[in-house]
$ cat data_4.pdb   # PDB, C-alpha atoms, pLDDT in the B column
ATOM      1  CA  MET A   1      -9.202 -14.106  -6.325  1.00 41.00           C
ATOM      2  CA  ASN A   2      -7.102 -11.021  -7.023  1.00 48.00           C
ATOM      3  CA  PHE A   3      -8.401  -7.614  -8.011  1.00 46.00           C
ATOM      4  CA  CYS A   4      -6.370  -5.080  -9.918  1.00 48.00           C
ATOM      5  CA  ILE A   5      -8.491  -2.019  -9.456  1.00 45.00           C
ATOM      6  CA  ASP A   6      -9.495   0.030 -12.460  1.00 48.00           C
ATOM      7  CA  GLU A   7     -12.991   1.239 -11.566  1.00 49.00           C
ATOM      8  CA  LYS A   8     -14.576   3.438  -8.892  1.00 53.00           C
ATOM      9  CA  ILE A   9     -11.480   5.611  -8.920  1.00 58.00           C
ATOM     10  CA  GLN A  10     -11.795   9.228  -7.858  1.00 60.00           C
ATOM     11  CA  ASN A  11      -8.989  11.585  -6.892  1.00 71.00           C
ATOM     12  CA  ASN A  12      -6.475   8.723  -6.921  1.00 88.00           C
ATOM     13  CA  ALA A  13      -8.512   6.679  -4.425  1.00 92.00           C
ATOM     14  CA  TYR A  14     -10.384   3.417  -4.870  1.00 93.00           C
ATOM     15  CA  LEU A  15     -13.559   2.726  -2.914  1.00 93.00           C
ATOM     16  CA  TYR A  16     -14.141  -0.996  -2.337  1.00 95.00           C
ATOM     17  CA  GLU A  17     -17.673  -1.423  -1.002  1.00 94.00           C
ATOM     18  CA  LYS A  18     -17.411  -5.000   0.264  1.00 95.00           C
ATOM     19  CA  THR A  19     -15.536  -7.133   2.745  1.00 97.00           C
ATOM     20  CA  VAL A  20     -12.175  -8.459   1.503  1.00 97.00           C
ATOM     21  CA  ARG A  21     -12.383 -12.166   2.237  1.00 97.00           C
ATOM     22  CA  SER A  22      -9.680 -14.722   2.990  1.00 97.00           C
ATOM     23  CA  GLY A  23      -7.743 -15.549  -0.175  1.00 97.00           C
ATOM     24  CA  GLN A  24      -8.627 -12.251  -1.878  1.00 97.00           C
ATOM     25  CA  SER A  25      -6.186  -9.424  -2.472  1.00 96.00           C
ATOM     26  CA  LEU A  26      -6.592  -5.820  -3.593  1.00 95.00           C
ATOM     27  CA  TYR A  27      -3.916  -3.601  -5.087  1.00 95.00           C
ATOM     28  CA  PHE A  28      -4.144   0.022  -6.187  1.00 95.00           C
ATOM     29  CA  SER A  29      -1.557   2.600  -7.175  1.00 93.00           C
ATOM     30  CA  GLY A  30      -3.186   5.292  -4.998  1.00 95.00           C
ATOM     31  CA  ASN A  31      -5.252   5.205  -1.803  1.00 96.00           C
ATOM     32  CA  VAL A  32      -7.661   2.370  -0.908  1.00 97.00           C
ATOM     33  CA  ILE A  33     -10.841   2.745   1.148  1.00 96.00           C
ATOM     34  CA  VAL A  34     -12.586  -0.474   2.209  1.00 97.00           C
ATOM     35  CA  LEU A  35     -16.210  -0.114   3.357  1.00 96.00           C
ATOM     36  CA  GLY A  36     -16.190  -3.454   5.089  1.00 97.00           C
ATOM     37  CA  ASP A  37     -13.738  -5.750   6.824  1.00 97.00           C
ATOM     38  CA  VAL A  38     -10.373  -7.146   5.755  1.00 98.00           C
ATOM     39  CA  ASN A  39     -10.581 -10.735   6.957  1.00 97.00           C
ATOM     40  CA  SER A  40      -7.722 -12.938   8.107  1.00 96.00           C
ATOM     41  CA  GLY A  41      -5.999 -14.342   5.019  1.00 97.00           C
ATOM     42  CA  ALA A  42      -6.882 -11.288   2.897  1.00 98.00           C
ATOM     43  CA  ILE A  43      -4.333  -8.755   1.592  1.00 98.00           C
ATOM     44  CA  VAL A  44      -4.781  -5.066   0.744  1.00 98.00           C
ATOM     45  CA  GLU A  45      -1.895  -3.189  -0.885  1.00 98.00           C
ATOM     46  CA  ALA A  46      -1.668   0.453  -1.930  1.00 97.00           C
ATOM     47  CA  GLU A  47       0.975   2.936  -2.935  1.00 96.00           C
ATOM     48  CA  GLY A  48      -0.895   5.458  -0.772  1.00 97.00           C
ATOM     49  CA  ASN A  49      -3.005   5.173   2.369  1.00 97.00           C
ATOM     50  CA  ILE A  50      -5.331   2.333   3.386  1.00 98.00           C
ATOM     51  CA  ILE A  51      -8.539   3.193   5.247  1.00 97.00           C
ATOM     52  CA  ILE A  52     -10.766   0.383   6.540  1.00 98.00           C
ATOM     53  CA  ALA A  53     -14.240   1.223   7.849  1.00 97.00           C
ATOM     54  CA  GLY A  54     -14.566  -2.166   9.547  1.00 96.00           C
ATOM     55  CA  LYS A  55     -12.303  -4.724  11.171  1.00 96.00           C
ATOM     56  CA  LEU A  56      -8.743  -5.312   9.972  1.00 95.00           C
ATOM     57  CA  SER A  57      -7.676  -8.923  10.579  1.00 94.00           C
ATOM     58  CA  GLY A  58      -5.645  -9.552   7.430  1.00 96.00           C
ATOM     59  CA  ILE A  59      -2.446  -8.146   5.961  1.00 97.00           C
ATOM     60  CA  VAL A  60      -2.092  -4.572   4.715  1.00 98.00           C
ATOM     61  CA  HIS A  61       0.797  -2.890   2.911  1.00 98.00           C
ATOM     62  CA  ALA A  62       0.514   0.872   2.500  1.00 98.00           C
ATOM     63  CA  GLY A  63       3.197   2.990   0.891  1.00 97.00           C
ATOM     64  CA  ILE A  64       4.355   0.382  -1.579  1.00 96.00           C
ATOM     65  CA  ASN A  65       7.279   1.767  -3.601  1.00 93.00           C
ATOM     66  CA  GLY A  66       8.737   3.455  -0.517  1.00 95.00           C
ATOM     67  CA  ASN A  67       6.038   5.967   0.455  1.00 96.00           C
ATOM     68  CA  SER A  68       6.897   6.384   4.148  1.00 97.00           C
ATOM     69  CA  GLU A  69       4.195   9.071   4.576  1.00 97.00           C
ATOM     70  CA  ALA A  70       1.389   6.531   4.089  1.00 97.00           C
ATOM     71  CA  ILE A  71      -0.896   5.469   6.937  1.00 97.00           C
ATOM     72  CA  VAL A  72      -3.188   2.539   7.718  1.00 97.00           C
ATOM     73  CA  TYR A  73      -6.448   3.229   9.580  1.00 97.00           C
ATOM     74  CA  ALA A  74      -9.087   0.749  10.766  1.00 96.00           C
ATOM     75  CA  LYS A  75     -12.152   0.954  12.980  1.00 95.00           C
ATOM     76  CA  GLU A  76     -11.090  -2.340  14.618  1.00 93.00           C
ATOM     77  CA  PHE A  77      -7.332  -2.818  14.396  1.00 92.00           C
ATOM     78  CA  THR A  78      -6.269  -6.464  14.828  1.00 91.00           C
ATOM     79  CA  PRO A  79      -4.058  -7.078  11.774  1.00 93.00           C
ATOM     80  CA  ALA A  80      -2.036 -10.174  11.025  1.00 93.00           C
ATOM     81  CA  GLN A  81       0.630  -7.801   9.694  1.00 95.00           C
ATOM     82  CA  VAL A  82       1.037  -4.126   8.800  1.00 97.00           C
ATOM     83  CA  ARG A  83       3.594  -2.943   6.286  1.00 97.00           C
ATOM     84  CA  ILE A  84       4.331   0.666   5.478  1.00 98.00           C
ATOM     85  CA  ALA A  85       6.998   1.363   2.871  1.00 97.00           C
ATOM     86  CA  ASN A  86       9.766  -1.143   3.723  1.00 97.00           C
ATOM     87  CA  LEU A  87       8.865  -1.616   7.419  1.00 97.00           C
ATOM     88  CA  ILE A  88       6.785  -4.437   8.932  1.00 96.00           C
ATOM     89  CA  VAL A  89       5.019  -4.786  12.290  1.00 92.00           C
ATOM     90  CA  ARG A  90       2.476  -7.060  13.892  1.00 82.00           C
ATOM     91  CA  LYS A  91       0.248  -5.725  16.661  1.00 66.00           C
ATOM     92  CA  ASP A  92       0.652  -7.547  19.956  1.00 68.00           C
ATOM     93  CA  ASP A  93      -2.533  -9.580  20.535  1.00 61.00           C
ATOM     94  CA  SER A  94      -2.402  -8.829  24.255  1.00 59.00           C
ATOM     95  CA  ASP A  95      -2.406  -5.055  23.645  1.00 60.00           C
ATOM     96  CA  ASN A  96      -6.044  -4.059  23.970  1.00 60.00           C
ATOM     97  CA  SER A  97      -5.402  -0.656  25.515  1.00 56.00           C
ATOM     98  CA  TYR A  98      -7.243   1.051  22.657  1.00 54.00           C
ATOM     99  CA  ALA A  99      -9.924  -1.633  22.240  1.00 63.00           C
ATOM    100  CA  ASN A 100     -12.785   0.879  22.163  1.00 72.00           C
ATOM    101  CA  TYR A 101     -11.137   3.241  19.698  1.00 85.00           C
ATOM    102  CA  PRO A 102     -10.232   3.109  16.025  1.00 93.00           C
ATOM    103  CA  GLU A 103      -6.473   2.986  15.451  1.00 94.00           C
ATOM    104  CA  TYR A 104      -3.966   3.940  12.797  1.00 95.00           C
ATOM    105  CA  ALA A 105      -0.402   3.017  11.958  1.00 96.00           C
ATOM    106  CA  MET A 106       2.279   5.349  10.652  1.00 97.00           C
ATOM    107  CA  ILE A 107       6.035   5.610  10.463  1.00 97.00           C
ATOM    108  CA  SER A 108       7.789   7.635  13.142  1.00 96.00           C
ATOM    109  CA  LYS A 109      11.537   7.610  13.767  1.00 95.00           C
ATOM    110  CA  ASP A 110      12.110   4.737  11.329  1.00 95.00           C
ATOM    111  CA  GLN A 111       9.573   2.406  12.923  1.00 96.00           C
ATOM    112  CA  ILE A 112       5.855   1.742  12.582  1.00 96.00           C
ATOM    113  CA  ILE A 113       3.818   2.988  15.519  1.00 94.00           C
ATOM    114  CA  ILE A 114       0.141   2.266  16.206  1.00 92.00           C
ATOM    115  CA  LYS A 115      -1.956   4.957  17.876  1.00 92.00           C
ATOM    116  CA  LYS A 116      -5.575   5.345  18.840  1.00 91.00           C
ATOM    117  CA  TYR A 117      -7.656   7.677  16.706  1.00 86.00           C
ATOM    118  CA  ILE A 118     -10.032   9.873  18.703  1.00 78.00           C
TER     119      ILE A 118
END

$ encode --input "data_4.pdb" --output "structure tokens"
Amino acid sequence: MNFCIDEKIQNNAYLYEKTVRSGQSLYFSGNVIVLGDVNSGAIVEAEGNIIIAGKLSGIVHAGINGNSEAIVYAKEFTPAQVRIANLIVRKDDSDNSYANYPEYAMISKDQIIIKKYI
């Protein structure tokens, strides 16, 4: 099931108040805020930032159309894949150094880096 978002839009952000389940995808031309999880097999895409209040296990693509200033944030950061603008990264499953902290991904020096958010 795909959702092209046209409701709950405020200040160029969409608030999705559910978990994005496997097989579902969300797309919005601004920022996306998910008040739930993004499960494995789910996709969230945005031209702006993506903020996830729960666990990220699926695929996210922030900064579609080349926005290299976009970020991806999640309370639990275990994505299948993170894309920002035209770059792609997958977090190493063995890297649990920030396991007790939320994390975010951003572009720095032409690569995606993942940092803890404290």

$ residues_around --input "data_4.pdb" --residues "range 23-38 of chain A" --least-positions-apart "6" --cutoff "6 Å" --atoms "all atoms listed in the file" --output "PyMOL selection string"
chain A and resi 1-5+12-17+44-58

$ resolve_selection --input "data_4.pdb" --expression "the PyMOL selection byres ((chain A and resi 103) around 10)" --output "PyMOL selection string"
chain A and resi 72-78+98-102+104-105+114-118

$ atom_distance --input "data_4.pdb" --atom1 "CA of Ile64 in chain A" --atom2 "CA of Gly41 in chain A"
19.2 Å

$ residues_around --input "data_4.pdb" --residues "Arg83 in chain A" --least-positions-apart "3" --cutoff "9 Å" --atoms "all atoms listed in the file" --output "PyMOL selection string"
chain A and resi 59-64+72+86-90+112

$ write_last_selection --input "data_4.pdb" --atoms "C-alpha atoms" --output "short mmCIF file (atom, residue, chain, number, x, y, z; two decimals), in the frame of the given file"
data_model
loop_
_atom_site.label_atom_id
_atom_site.label_comp_id
_atom_site.auth_asym_id
_atom_site.auth_seq_id
_atom_site.Cartn_x
_atom_site.Cartn_y
_atom_site.Cartn_z
CA ILE A 59 -2.45 -8.15 5.96
CA VAL A 60 -2.09 -4.57 4.72
CA HIS A 61 0.80 -2.89 2.91
CA ALA A 62 0.51 0.87 2.50
CA GLY A 63 3.20 2.99 0.89
CA ILE A 64 4.36 0.38 -1.58
CA VAL A 72 -3.19 2.54 7.72
CA ASN A 86 9.77 -1.14 3.72
CA LEU A 87 8.86 -1.62 7.42
CA ILE A 88 6.78 -4.44 8.93
CA VAL A 89 5.02 -4.79 12.29
CA ARG A 90 2.48 -7.06 13.89
CA ILE A 112 5.86 1.74 12.58
#

$ atom_distance --input "data_4.pdb" --atom1 "CA of Asn67 in chain A" --atom2 "CA of Pro79 in chain A"
20.0 Å
